[in-house]
file input.txt (compact mmCIF, C-alpha atoms and all ligand atoms)
# COMPACT_ATOMS: atom_id res chain seq x y z
CA MET E 1 3.00 -2.78 37.72
CA LYS E 2 -0.06 -4.20 36.04
CA ILE E 3 -2.04 -3.29 32.93
CA ASP E 4 -4.77 -0.96 34.23
CA ASN E 5 -6.25 0.32 31.00
CA VAL E 6 -6.18 -0.09 27.22
CA ASP E 7 -7.74 2.63 25.03
CA PHE E 8 -8.25 2.67 21.27
CA PHE E 9 -8.48 5.85 19.22
CA TYR E 10 -9.92 5.52 15.71
CA LEU E 11 -8.46 8.29 13.55
CA ALA E 12 -9.28 8.95 9.90
CA MET E 13 -8.75 11.49 7.16
CA PRO E 14 -11.90 13.46 6.21
CA LYS E 15 -12.11 11.43 3.00
CA VAL E 16 -10.89 7.83 2.68
CA THR E 17 -10.34 6.65 -0.92
CA THR E 18 -9.65 3.32 -2.64
CA ASP E 19 -5.97 4.27 -3.11
CA ALA E 20 -3.56 1.66 -1.74
CA ASP E 21 -2.45 4.19 0.88
CA GLY E 22 -2.76 2.65 4.34
CA SER E 23 -2.04 5.95 6.06
CA GLN E 24 -5.57 7.27 5.46
CA ASP E 25 -6.73 6.05 8.84
CA ALA E 26 -5.12 4.70 12.00
CA LEU E 27 -5.87 2.80 15.15
CA LEU E 28 -3.84 4.32 17.95
CA VAL E 29 -3.54 2.29 21.17
CA ARG E 30 -2.78 3.67 24.63
CA VAL E 31 -1.82 1.36 27.49
CA GLN E 32 -1.73 2.58 31.08
CA ALA E 33 0.28 0.56 33.58
CA GLY E 34 0.89 2.11 36.98
CA SER E 35 2.25 5.60 36.38
CA HIS E 36 3.44 4.74 32.85
CA VAL E 37 1.74 5.21 29.51
CA GLY E 38 2.70 3.37 26.32
CA TRP E 39 1.55 3.99 22.76
CA GLY E 40 1.24 1.66 19.79
CA GLU E 41 -0.47 1.51 16.42
CA CYS E 42 -2.31 -1.36 14.75
CA GLU E 43 -1.64 -1.77 11.02
CA ALA E 44 -5.11 -3.11 10.32
CA SER E 45 -8.75 -2.15 9.91
CA PRO E 46 -9.45 0.01 12.99
CA LEU E 47 -13.08 -0.81 13.71
CA THR E 48 -12.85 -4.59 13.38
CA SER E 49 -9.74 -4.46 15.57
CA ILE E 50 -11.62 -2.58 18.30
CA ALA E 51 -14.45 -5.12 18.00
CA SER E 52 -11.98 -7.98 18.59
CA TYR E 53 -10.95 -6.38 21.85
CA VAL E 54 -14.46 -6.20 23.28
CA CYS E 55 -16.65 -8.73 21.40
CA PRO E 56 -18.57 -11.13 23.65
CA MET E 57 -17.02 -14.59 23.93
CA SER E 58 -18.26 -17.05 21.26
CA HIS E 59 -16.81 -20.04 23.09
CA GLY E 60 -13.71 -20.89 25.10
CA SER E 61 -11.31 -20.56 22.15
CA CYS E 62 -12.90 -17.39 20.85
CA ARG E 63 -12.63 -14.84 23.63
CA PRO E 64 -12.15 -11.10 23.30
CA VAL E 65 -8.54 -9.94 23.39
CA ALA E 66 -9.24 -7.84 26.50
CA GLU E 67 -9.64 -10.99 28.61
CA SER E 68 -5.98 -11.92 28.12
CA VAL E 69 -4.60 -8.42 28.62
CA LEU E 70 -6.35 -6.36 31.30
CA GLY E 71 -5.00 -6.71 34.83
CA GLN E 72 -1.92 -8.69 33.76
CA PRO E 73 1.44 -7.90 35.41
CA LEU E 74 3.96 -5.96 33.30
CA ASN E 75 7.42 -5.91 34.85
CA ASP E 76 9.77 -7.47 32.30
CA PRO E 77 9.79 -8.73 28.69
CA SER E 78 8.71 -12.23 29.71
CA ASP E 79 5.36 -10.77 30.84
CA ILE E 80 4.71 -9.52 27.29
CA ALA E 81 5.56 -12.95 25.82
CA ARG E 82 3.21 -14.62 28.29
CA ILE E 83 0.36 -12.26 27.45
CA ARG E 84 0.93 -12.92 23.74
CA ALA E 85 0.75 -16.68 24.27
CA SER E 86 -2.44 -16.20 26.23
CA VAL E 87 -4.04 -14.13 23.42
CA GLN E 88 -2.99 -16.74 20.85
CA PHE E 89 -4.62 -19.54 22.82
CA ASN E 90 -7.72 -17.84 24.18
CA SER E 91 -8.56 -16.06 20.89
CA MET E 92 -7.46 -18.75 18.41
CA ASP E 93 -10.74 -18.61 16.47
CA LEU E 94 -10.82 -14.81 16.41
CA LEU E 95 -8.85 -14.00 13.26
CA GLN E 96 -8.51 -10.29 13.92
CA ALA E 97 -6.94 -10.92 17.35
CA ALA E 98 -3.34 -10.80 16.05
CA HIS E 99 -3.98 -7.42 14.44
CA THR E 100 -5.59 -6.02 17.56
CA PHE E 101 -2.89 -7.35 19.84
CA SER E 102 -0.08 -6.00 17.62
CA GLY E 103 -0.80 -2.39 18.62
CA ILE E 104 -1.28 -3.36 22.26
CA GLU E 105 1.97 -5.35 22.30
CA VAL E 106 3.91 -2.39 20.86
CA ALA E 107 2.39 -0.11 23.52
CA LEU E 108 3.39 -2.63 26.23
CA TRP E 109 7.04 -2.40 25.16
CA ASP E 110 6.76 1.38 25.13
CA ALA E 111 5.34 1.46 28.67
CA LEU E 112 7.80 -1.16 29.94
CA GLY E 113 10.74 0.68 28.37
CA LYS E 114 9.66 3.90 30.04
CA SER E 115 9.33 2.19 33.42
CA LEU E 116 12.80 0.62 33.12
CA GLY E 117 14.44 3.64 31.43
CA GLU E 118 15.51 1.56 28.43
CA PRO E 119 14.86 1.80 24.69
CA ALA E 120 12.74 -1.06 23.36
CA TYR E 121 15.59 -2.34 21.17
CA ARG E 122 17.75 -2.84 24.27
CA LEU E 123 15.01 -4.84 25.99
CA LEU E 124 14.91 -6.94 22.80
CA GLY E 125 18.62 -7.74 23.20
CA TYR E 126 20.53 -5.19 21.11
CA LYS E 127 23.30 -3.04 22.63
CA SER E 128 22.80 -0.14 20.23
CA ALA E 129 20.76 1.00 17.24
CA VAL E 130 22.67 1.32 13.98
CA PRO E 131 21.75 3.86 11.26
CA LYS E 132 19.67 2.54 8.36
CA LEU E 133 19.54 3.62 4.73
CA ALA E 134 16.00 4.99 4.30
CA TYR E 135 14.22 4.12 1.11
CA ALA E 136 11.51 6.53 -0.01
CA SER E 137 8.44 4.34 -0.19
CA GLN E 138 5.65 5.55 -2.44
CA LEU E 139 3.01 4.55 -4.97
CA PHE E 140 3.75 4.47 -8.72
CA GLY E 141 2.62 7.43 -10.79
CA ASN E 142 -0.28 6.92 -13.19
CA THR E 143 2.10 7.37 -16.13
CA PRO E 144 5.85 6.66 -16.52
CA ALA E 145 6.43 10.45 -16.64
CA GLU E 146 4.72 10.79 -13.25
CA THR E 147 6.78 7.92 -11.83
CA GLU E 148 9.98 9.58 -13.07
CA ALA E 149 8.98 12.93 -11.51
CA LYS E 150 8.28 11.19 -8.17
CA ALA E 151 11.69 9.48 -8.32
CA LYS E 152 13.42 12.80 -9.02
CA ALA E 153 11.62 14.38 -6.06
CA ALA E 154 12.83 11.58 -3.78
CA ARG E 155 16.38 11.97 -5.06
CA GLU E 156 16.27 15.75 -4.57
CA ALA E 157 14.99 15.18 -1.01
CA GLY E 158 18.24 13.29 -0.31
CA PHE E 159 17.11 9.68 -0.63
CA ARG E 160 19.54 7.19 -2.16
CA ALA E 161 16.92 4.45 -2.46
CA VAL E 162 13.33 4.42 -3.61
CA LYS E 163 10.44 1.99 -3.88
CA PHE E 164 7.46 2.22 -6.18
CA GLY E 165 4.42 -0.01 -5.87
CA TRP E 166 0.79 -0.77 -6.58
CA VAL E 167 -1.39 1.49 -8.84
CA ASN E 168 -1.16 0.02 -12.40
CA TYR E 169 1.78 -2.39 -11.99
CA GLY E 170 0.78 -5.87 -13.22
CA ARG E 171 -2.57 -4.64 -14.51
CA GLY E 172 -1.47 -3.77 -18.05
CA SER E 173 1.16 -5.14 -20.41
CA VAL E 174 4.68 -6.28 -19.61
CA ALA E 175 5.96 -3.34 -21.71
CA GLU E 176 3.91 -0.80 -19.72
CA ASP E 177 5.31 -2.14 -16.45
CA ALA E 178 8.84 -2.02 -17.90
CA ALA E 179 8.32 1.65 -18.86
CA HIS E 180 7.51 2.50 -15.22
CA VAL E 181 10.59 0.65 -13.96
CA GLU E 182 12.76 2.42 -16.55
CA ALA E 183 11.26 5.76 -15.43
CA ALA E 184 12.00 5.00 -11.79
CA ARG E 185 15.62 4.23 -12.65
CA ALA E 186 15.92 7.34 -14.83
CA GLY E 187 14.57 9.57 -12.06
CA MET E 188 16.82 8.13 -9.36
CA GLY E 189 20.03 7.85 -11.42
CA SER E 190 22.33 4.89 -11.87
CA ASP E 191 23.85 4.91 -8.37
CA ALA E 192 20.58 4.60 -6.39
CA GLU E 193 18.74 1.52 -5.20
CA VAL E 194 15.39 0.91 -6.89
CA LEU E 195 12.81 -1.49 -5.46
CA ILE E 196 9.49 -2.55 -6.99
CA ASP E 197 6.33 -3.62 -5.11
CA ALA E 198 3.75 -5.60 -7.12
CA GLY E 199 1.17 -5.41 -4.32
CA GLN E 200 0.03 -9.08 -4.60
CA ILE E 201 -1.33 -8.41 -8.10
CA PHE E 202 -0.34 -11.81 -9.54
CA ALA E 203 -2.07 -13.79 -6.76
CA GLN E 204 -0.45 -17.19 -7.48
CA GLU E 205 0.37 -16.82 -11.19
CA VAL E 206 4.09 -17.50 -11.43
CA GLU E 207 4.24 -17.08 -15.24
CA ALA E 208 2.72 -13.60 -15.16
CA ALA E 209 5.23 -12.47 -12.54
CA ALA E 210 8.16 -14.18 -14.32
CA LYS E 211 7.46 -12.13 -17.47
CA ARG E 212 8.37 -8.99 -15.50
CA LEU E 213 11.77 -10.29 -14.39
CA PRO E 214 13.83 -9.34 -17.51
CA ALA E 215 12.94 -5.62 -17.22
CA LEU E 216 13.53 -5.64 -13.45
CA GLU E 217 16.94 -7.17 -14.08
CA ARG E 218 17.74 -4.77 -16.94
CA PHE E 219 17.16 -1.72 -14.76
CA GLY E 220 19.05 -3.13 -11.78
CA VAL E 221 16.08 -3.52 -9.42
CA VAL E 222 17.16 -4.96 -6.04
CA TRP E 223 13.90 -6.72 -5.19
CA LEU E 224 10.43 -7.56 -6.44
CA GLU E 225 8.06 -7.26 -3.50
CA GLU E 226 4.82 -9.12 -2.86
CA PRO E 227 4.25 -10.55 -6.34
CA PHE E 228 1.80 -13.01 -4.76
CA LEU E 229 -0.64 -13.53 -1.90
CA PRO E 230 1.21 -13.45 1.42
CA ASP E 231 0.87 -17.20 2.03
CA ALA E 232 1.38 -18.40 -1.58
CA LEU E 233 4.61 -20.11 -0.57
CA ALA E 234 4.88 -22.39 -3.63
CA ALA E 235 4.53 -19.45 -6.02
CA TYR E 236 7.14 -17.43 -4.12
CA GLY E 237 9.55 -20.37 -4.12
CA ALA E 238 9.04 -21.06 -7.84
CA LEU E 239 9.68 -17.43 -8.84
CA ALA E 240 12.74 -17.23 -6.57
CA ASP E 241 14.15 -20.29 -8.36
CA ARG E 242 13.69 -18.57 -11.73
CA SER E 243 15.13 -15.18 -10.82
CA ARG E 244 18.86 -14.78 -11.40
CA LYS E 245 19.58 -11.34 -9.93
CA VAL E 246 16.35 -9.81 -8.61
CA GLY E 247 15.61 -10.84 -5.02
CA MET E 248 12.15 -11.73 -3.76
CA ALA E 249 10.69 -9.66 -0.93
CA GLY E 250 7.56 -10.16 1.12
CA GLY E 251 6.18 -10.56 4.60
CA GLU E 252 4.14 -7.45 5.38
CA GLY E 253 1.01 -9.60 5.28
CA CYS E 254 2.31 -11.97 7.98
CA HIS E 255 0.25 -11.91 11.15
CA SER E 256 2.34 -14.43 13.06
CA ALA E 257 6.02 -15.31 13.36
CA PRO E 258 5.58 -18.85 11.93
CA MET E 259 3.95 -17.39 8.81
CA ALA E 260 7.07 -15.27 8.20
CA LEU E 261 9.45 -18.15 8.96
CA ASN E 262 7.62 -20.20 6.31
CA LEU E 263 8.04 -17.39 3.80
CA ILE E 264 11.78 -17.52 4.46
CA ASP E 265 12.14 -21.31 4.52
CA PHE E 266 9.67 -22.31 1.78
CA GLY E 267 8.95 -19.06 -0.09
CA LYS E 268 12.72 -18.48 -0.44
CA VAL E 269 12.47 -14.70 -0.06
CA GLY E 270 15.77 -12.85 0.18
CA PHE E 271 14.16 -9.94 2.05
CA ILE E 272 11.61 -10.48 4.83
CA GLN E 273 9.52 -7.37 5.50
CA ILE E 274 7.78 -7.24 8.84
CA ASP E 275 5.25 -4.77 10.20
CA ALA E 276 5.32 -4.76 14.01
CA GLY E 277 1.75 -3.45 13.92
CA ARG E 278 0.51 -6.55 12.15
CA ILE E 279 2.67 -9.55 13.05
CA GLY E 280 1.79 -9.40 16.73
CA GLY E 281 4.24 -6.73 17.88
CA LEU E 282 7.96 -6.41 18.59
CA GLY E 283 8.38 -9.87 20.16
CA PRO E 284 7.36 -11.94 17.11
CA ALA E 285 9.13 -9.47 14.78
CA LYS E 286 12.38 -10.07 16.74
CA GLU E 287 11.86 -13.84 16.37
CA VAL E 288 11.68 -13.35 12.61
CA ALA E 289 14.80 -11.15 12.66
CA ASP E 290 16.71 -13.87 14.54
CA HIS E 291 15.61 -16.48 11.98
CA ALA E 292 16.52 -14.17 9.08
CA VAL E 293 20.04 -13.76 10.51
CA ALA E 294 20.41 -17.53 10.86
CA LYS E 295 19.22 -18.11 7.27
CA GLY E 296 21.20 -15.32 5.60
CA VAL E 297 18.03 -13.44 4.68
CA THR E 298 17.78 -9.65 5.02
CA PHE E 299 15.25 -8.30 7.53
CA VAL E 300 13.46 -5.07 6.55
CA ASN E 301 10.76 -3.11 8.36
CA HIS E 302 7.39 -2.53 6.70
CA THR E 303 6.02 0.95 7.42
CA PHE E 304 3.73 3.10 5.30
CA THR E 305 2.12 5.19 8.04
CA SER E 306 3.26 7.22 11.08
CA HIS E 307 6.64 7.66 12.73
CA LEU E 308 5.28 5.89 15.82
CA ALA E 309 4.83 2.84 13.56
CA LEU E 310 8.23 3.53 11.97
CA SER E 311 10.02 3.48 15.34
CA ALA E 312 8.15 0.32 16.35
CA SER E 313 9.00 -1.57 13.16
CA ILE E 314 12.71 -0.65 13.26
CA GLN E 315 13.24 -1.73 16.92
CA PRO E 316 13.22 -5.51 16.14
CA TYR E 317 16.29 -5.19 13.86
CA ALA E 318 17.76 -1.96 15.22
CA GLY E 319 21.07 -3.56 16.15
CA LEU E 320 21.63 -5.56 12.95
CA ALA E 321 24.36 -3.69 11.03
CA ASP E 322 24.21 -5.99 7.99
CA HIS E 323 20.46 -5.42 7.59
CA ARG E 324 20.89 -1.82 6.60
CA ILE E 325 17.90 -0.75 4.52
CA ALA E 326 14.64 0.61 6.00
CA GLU E 327 11.27 1.47 4.54
CA TYR E 328 10.47 5.15 5.02
CA PRO E 329 6.98 6.52 4.31
CA PHE E 330 7.74 9.26 1.76
CA ALA E 331 4.29 10.78 1.29
CA PRO E 332 2.07 9.80 4.22
CA SER E 333 -1.31 11.42 4.93
CA ALA E 334 -1.51 14.55 7.10
CA LEU E 335 -2.96 12.34 9.82
CA ALA E 336 0.07 10.02 9.79
CA ARG E 337 2.48 12.99 9.75
CA ASN E 338 0.69 14.72 12.62
CA LEU E 339 0.50 11.61 14.80
CA THR E 340 3.81 12.34 16.52
CA VAL E 341 5.53 15.49 17.78
CA ASN E 342 9.00 14.20 16.88
CA HIS E 343 9.97 12.65 13.57
CA ILE E 344 12.72 10.36 12.29
CA MET E 345 14.39 12.42 9.57
CA PRO E 346 16.99 11.25 7.03
CA ASP E 347 20.39 12.97 7.21
CA LYS E 348 22.28 14.33 4.19
CA ASP E 349 23.36 10.79 3.27
CA GLY E 350 19.80 9.44 3.41
CA MET E 351 20.42 7.60 6.70
CA ILE E 352 17.92 7.44 9.58
CA ARG E 353 18.47 6.78 13.28
CA LEU E 354 16.05 5.75 16.01
CA PRO E 355 15.57 8.57 18.52
CA ASP E 356 17.36 8.17 21.83
CA GLY E 357 15.09 7.51 24.76
CA PRO E 358 13.10 4.87 26.64
CA GLY E 359 10.47 2.71 24.95
CA LEU E 360 9.83 3.81 21.37
CA ALA E 361 11.07 7.35 22.16
CA MET E 362 8.21 8.89 20.18
CA MET E 363 5.86 11.57 21.51
CA VAL E 364 2.27 11.19 20.36
CA ASN E 365 0.82 14.56 19.35
CA THR E 366 -2.59 14.13 20.98
CA ALA E 367 -3.45 17.83 20.58
CA ALA E 368 -3.04 17.61 16.79
CA LEU E 369 -5.20 14.50 16.45
CA HIS E 370 -8.57 15.91 17.54
CA PRO E 371 -9.72 16.74 13.98
CA TYR E 372 -9.18 13.10 12.94
CA LEU E 373 -10.78 11.38 15.96
CA LYS E 374 -13.97 9.42 15.17
CA GLU E 375 -16.40 8.69 17.95
CA VAL E 376 -17.11 4.98 18.23
CA GLU E 377 -19.67 3.12 20.28
CA ILE E 378 -20.28 -0.63 20.20
CA ALA E 379 -23.41 -1.88 21.91
CA VAL E 380 -24.89 -5.38 22.05
CA GLY E 381 -28.35 -6.07 23.44
CA GLY E 382 -28.54 -2.57 24.87
CA ARG E 383 -25.23 -2.93 26.74
CA THR E 384 -22.35 -0.67 25.71
CA LEU E 385 -19.19 -2.72 25.20
CA PHE E 386 -17.01 0.11 23.93
CA ARG E 387 -17.19 3.87 23.89
CA SER E 388 -14.23 5.88 22.60
CA SER E 389 -12.33 7.94 25.15
CA ALA E 390 -11.48 11.58 24.67
CA LEU E 391 -7.93 12.38 23.55
CA PRO E 392 -5.95 14.43 26.06
CA VAL E 393 -5.32 18.01 24.91
MG MG K 1 4.50 -3.61 0.12

call {"tool": "encode", "arguments": {"input": "input.txt", "output": "structure tokens", "more": "lines below"}}
Ligand SMILES: [Mg+2]
result
Amino acid sequence: MKIDNVDFFYLAMPKVTTDADGSQDALLVRVQAGSHVGWGECEASPLTSIASYVCPMSHGSCRPVAESVLGQPLNDPSDIARIRASVQFNSMDLLQAAHTFSGIEVALWDALGKSLGEPAYRLLGYKSAVPKLAYASQLFGNTPAETEAKAKAAREAGFRAVKFGWVNYGRGSVAEDAAHVEAARAGMGSDAEVLIDAGQIFAQEVEAAAKRLPALERFGVVWLEEPFLPDALAAYGALADRSRKVGMAGGEGCHSAPMALNLIDFGKVGFIQIDAGRIGGLGPAKEVADHAVAKGVTFVNHTFTSHLALSASIQPYAGLADHRIAEYPFAPSALARNLTVNHIMPDKDGMIRLPDGPGLAMMVNTAALHPYLKEVEIAVGGRTLFRSSALPV
């Protein structure tokens, strides 16, 4: 079969705020190849990603993503790798291209899996998908009391691991941050795993981040996530050298496999967190997982949005039994919740399993998405380059 059509659906909540909640809007991608349809989601700004698909060529190294995708054959995994290489080369000066292609690439695996009757993880080389310990991923409360209440709610919902991030962490005093970490531990109890996400707040300031380490260690935090900018390798490496027990985590900002490999090799992270909807799709995410295994680093998915994105980001390490923890969006927007008919739910032990079925094995709930669909039209010089399609009912 060949790639006949690629559609983008820009979905958004009625009100989008400055909260660090990436589930407030979504760019859903539909690929049609022969009689098969695949779905994917870009973890990036929707409108600029659509623009990268259709923008007129600037020059030979700055072509729209569509040029490398439409009409290409899609019969086995090597076709997807070839298309990726073509996007990388033809759109090298188009910085949003990796983000745009990520959702397309995921949808290609979904369509290919459906045509071959195989789950994506099997096409990636795993025999089976092992259960993962879901950690309830959420934002800090505004006060330590709020953080503690959120932790208790996660525990009562059956989660044995929790992550808090962003909001005020790193913005106030060391003592204020410590109070939030203490509250998270108090709410979850002594036997749970607690993770902390600094949300890049320290940029490249190693000293500022290092001052937070004693409290993280005191309350048994497993990892400190994204203390720095995603490519601040020297800062990551320096903090890793100074931390005795708390691991460094990062990688959600990586938009290519080499960027993530550098974070492992030079940033010395102990946990590499990859979003399939940002790094370029399942193929590059699997490359990172292979490197993580070789280097003794733990691979973790990054997912803060829908269960379509959750399935996609777990596929690249689905078969790795020693890489057992998985990010689970605990309080996503109504849009993200409604994006799929089926959901990946934790069992009584807080474990999640990928659904059985070809491709990503997720059913997109097109009927429920109509209220969130934004009409988009891009025209240049009077010529329409993009007009959003209607969602099927
Ligand atoms: Mg994060």

call {"tool": "closest_residue", "arguments": {"input": "input.txt", "among": "E:Glu193, E:Glu146, E:Glu67, E:Glu205", "to": "E:Ala179", "atoms": "only C-alpha atoms"}}
result
E:Glu146

call {"tool": "atom_distance", "arguments": {"input": "input.txt", "atom1": "atom CA of E:Gly170", "atom2": "atom CA of E:Arg212"}}
result
8.5 Å

call {"tool": "residues_around", "arguments": {"input": "input.txt", "residues": "E:Ile104", "least_positions_apart": "4", "cutoff": "9 Å", "atoms": "all atoms listed in the file", "output": "PDB file with C-alpha atoms, in the frame of the given file"}}
result
ATOM      1  CA  VAL E   6      -6.180  -0.090  27.220  1.00  0.00           C
ATOM      2  CA  VAL E  29      -3.540   2.290  21.170  1.00  0.00           C
ATOM      3  CA  ARG E  30      -2.780   3.670  24.630  1.00  0.00           C
ATOM      4  CA  VAL E  31      -1.820   1.360  27.490  1.00  0.00           C
ATOM      5  CA  GLY E  38       2.700   3.370  26.320  1.00  0.00           C
ATOM      6  CA  TRP E  39       1.550   3.990  22.760  1.00  0.00           C
ATOM      7  CA  GLY E  40       1.240   1.660  19.790  1.00  0.00           C
ATOM      8  CA  GLU E  41      -0.470   1.510  16.420  1.00  0.00           C
ATOM      9  CA  CYS E  42      -2.310  -1.360  14.750  1.00  0.00           C
ATOM     10  CA  VAL E  69      -4.600  -8.420  28.620  1.00  0.00           C
ATOM     11  CA  THR E 100      -5.590  -6.020  17.560  1.00  0.00           C
ATOM     12  CA  LEU E 108       3.390  -2.630  26.230  1.00  0.00           C
ATOM     13  CA  TRP E 109       7.040  -2.400  25.160  1.00  0.00           C
ATOM     14  CA  GLY E 277       1.750  -3.450  13.920  1.00  0.00           C
ATOM     15  CA  GLY E 280       1.790  -9.400  16.730  1.00  0.00           C
ATOM     16  CA  GLY E 281       4.240  -6.730  17.880  1.00  0.00           C
TER      17      GLY E 281
END

call {"tool": "residues_near_ligand", "arguments": {"input": "input.txt", "ligand": "ligand MG 1 (chain K)", "cutoff": "9 Å", "atoms": "all atoms listed in the file", "output": "PyMOL selection string"}}
result
chain E and resi 137+165-166+196-200+225-226+249-253+273+302-304

call {"tool": "write_last_selection", "arguments": {"input": "input.txt", "atoms": "C-alpha atoms", "output": "compact mmCIF listing (two decimals), in the frame of the given file"}}
result
# COMPACT_ATOMS: atom_id res chain seq x y z
CA SER E 137 8.44 4.34 -0.19
CA GLY E 165 4.42 -0.01 -5.87
CA TRP E 166 0.79 -0.77 -6.58
CA ILE E 196 9.49 -2.55 -6.99
CA ASP E 197 6.33 -3.62 -5.11
CA ALA E 198 3.75 -5.60 -7.12
CA GLY E 199 1.17 -5.41 -4.32
CA GLN E 200 0.03 -9.08 -4.60
CA GLU E 225 8.06 -7.26 -3.50
CA GLU E 226 4.82 -9.12 -2.86
CA ALA E 249 10.69 -9.66 -0.93
CA GLY E 250 7.56 -10.16 1.12
CA GLY E 251 6.18 -10.56 4.60
CA GLU E 252 4.14 -7.45 5.38
CA GLY E 253 1.01 -9.60 5.28
CA GLN E 273 9.52 -7.37 5.50
CA HIS E 302 7.39 -2.53 6.70
CA THR E 303 6.02 0.95 7.42
CA PHE E 304 3.73 3.10 5.30

call {"tool": "atom_distance", "arguments": {"input": "input.txt", "atom1": "atom CA of E:Ser102", "atom2": "atom CA of E:Arg278"}}
result
5.5 Å

call {"tool": "closest_residue", "arguments": {"input": "input.txt", "among": "E:Ala98, E:Val206, E:Ala334, E:Ala178", "to": "E:Ala26", "atoms": "only C-alpha atoms"}}
result
E:Ala334

call {"tool": "atom_distance", "arguments": {"input": "input.txt", "atom1": "atom CA of E:Leu124", "atom2": "atom CA of E:Leu11"}}
result
29.4 Å

call {"tool": "residues_near_point", "arguments": {"input": "input.txt", "point": "(2.4, -14.0, -7.1)", "cutoff": "9 Å", "atoms": "all atoms listed in the file", "output": "PyMOL selection string"}}
result
chain E and resi 198+200-209+226-230+232+235-236+239

call {"tool": "closest_atom_pairs", "arguments": {"input": "input.txt", "of": "stretch 36-119 of chain E", "to": "stretch 354-372 of chain E", "cutoff": "10 Å", "atoms": "only C-alpha atoms", "output": "CSV"}}
result
residue,atom,partner,partner_atom,distance
E:Gly38,CA,E:Gly359,CA,7.9
E:Trp39,CA,E:Val364,CA,7.6
E:Gly40,CA,E:Leu360,CA,9.0
E:Val106,CA,E:Leu360,CA,8.6
E:Ala107,CA,E:Gly359,CA,8.7
E:Leu108,CA,E:Gly359,CA,9.0
E:Trp109,CA,E:Gly359,CA,6.2
E:Asp110,CA,E:Gly359,CA,3.9
E:Ala111,CA,E:Gly359,CA,6.5
E:Leu112,CA,E:Gly359,CA,6.9
E:Gly113,CA,E:Gly359,CA,4.0
E:Lys114,CA,E:Pro358,CA,4.9
E:Ser115,CA,E:Pro358,CA,8.2
E:Leu116,CA,E:Pro358,CA,7.8
E:Gly117,CA,E:Pro358,CA,5.1
E:Glu118,CA,E:Pro358,CA,4.5
E:Pro119,CA,E:Pro358,CA,4.0

call {"tool": "residues_around", "arguments": {"input": "input.txt", "residues": "E:Ala157", "least_positions_apart": "5", "cutoff": "12 Å", "atoms": "only C-alpha atoms", "output": "mmCIF file with C-alpha atoms, keeping the file's coordinate frame"}}
result
data_model
loop_
_atom_site.group_PDB
_atom_site.id
_atom_site.type_symbol
_atom_site.label_atom_id
_atom_site.label_comp_id
_atom_site.auth_asym_id
_atom_site.auth_seq_id
_atom_site.Cartn_x
_atom_site.Cartn_y
_atom_site.Cartn_z
ATOM 1 C CA ALA E 134 16.000 4.990 4.300
ATOM 2 C CA TYR E 135 14.220 4.120 1.110
ATOM 3 C CA ALA E 136 11.510 6.530 -0.010
ATOM 4 C CA LYS E 150 8.280 11.190 -8.170
ATOM 5 C CA ALA E 151 11.690 9.480 -8.320
ATOM 6 C CA LYS E 152 13.420 12.800 -9.020
ATOM 7 C CA VAL E 162 13.330 4.420 -3.610
ATOM 8 C CA MET E 188 16.820 8.130 -9.360
ATOM 9 C CA PHE E 330 7.740 9.260 1.760
ATOM 10 C CA ALA E 331 4.290 10.780 1.290
ATOM 11 C CA MET E 345 14.390 12.420 9.570
ATOM 12 C CA PRO E 346 16.990 11.250 7.030
ATOM 13 C CA ASP E 347 20.390 12.970 7.210
ATOM 14 C CA LYS E 348 22.280 14.330 4.190
ATOM 15 C CA ASP E 349 23.360 10.790 3.270
ATOM 16 C CA GLY E 350 19.800 9.440 3.410
#

call {"tool": "closest_residue", "arguments": {"input": "input.txt", "among": "E:Gly382, E:Pro14, E:Gly71, E:Pro46", "to": "E:Gln32", "atoms": "only C-alpha atoms"}}
result
E:Gly71

call {"tool": "residues_around", "arguments": {"input": "input.txt", "residues": "E:Val269", "least_positions_apart": "2", "cutoff": "8 Å", "atoms": "all atoms listed in the file", "output": "list in words"}}
result
Tyr236, Gly237, Ala240, Gly247, Met248, Ala249, Gly250, Leu263, Ile264, Gly267, Phe271, Ile272 and Val297 of chain E

call {"tool": "write_last_selection", "arguments": {"input": "input.txt", "atoms": "C-alpha atoms", "output": "PDB file, keeping the file's coordinate frame"}}
result
ATOM      1  CA  TYR E 236       7.140 -17.430  -4.120  1.00  0.00           C
ATOM      2  CA  GLY E 237       9.550 -20.370  -4.120  1.00  0.00           C
ATOM      3  CA  ALA E 240      12.740 -17.230  -6.570  1.00  0.00           C
ATOM      4  CA  GLY E 247      15.610 -10.840  -5.020  1.00  0.00           C
ATOM      5  CA  MET E 248      12.150 -11.730  -3.760  1.00  0.00           C
ATOM      6  CA  ALA E 249      10.690  -9.660  -0.930  1.00  0.00           C
ATOM      7  CA  GLY E 250       7.560 -10.160   1.120  1.00  0.00           C
ATOM      8  CA  LEU E 263       8.040 -17.390   3.800  1.00  0.00           C
ATOM      9  CA  ILE E 264      11.780 -17.520   4.460  1.00  0.00           C
ATOM     10  CA  GLY E 267       8.950 -19.060  -0.090  1.00  0.00           C
ATOM     11  CA  PHE E 271      14.160  -9.940   2.050  1.00  0.00           C
ATOM     12  CA  ILE E 272      11.610 -10.480   4.830  1.00  0.00           C
ATOM     13  CA  VAL E 297      18.030 -13.440   4.680  1.00  0.00           C
TER      14      VAL E 297
END

call {"tool": "residues_around", "arguments": {"input": "input.txt", "residues": "E:Asn301", "least_positions_apart": "2", "cutoff": "7 Å", "atoms": "all atoms listed in the file", "output": "list in words"}}
result
Gln273, Ile274, Asp275, Phe299, Thr303, Ser313, Ile314, Ala326 and Glu327 of chain E

call {"tool": "closest_residue", "arguments": {"input": "input.txt", "among": "E:Gln138, E:Ser45, E:Val37, E:Ala51", "to": "E:Val380", "atoms": "all atoms listed in the file"}}
result
E:Ala51
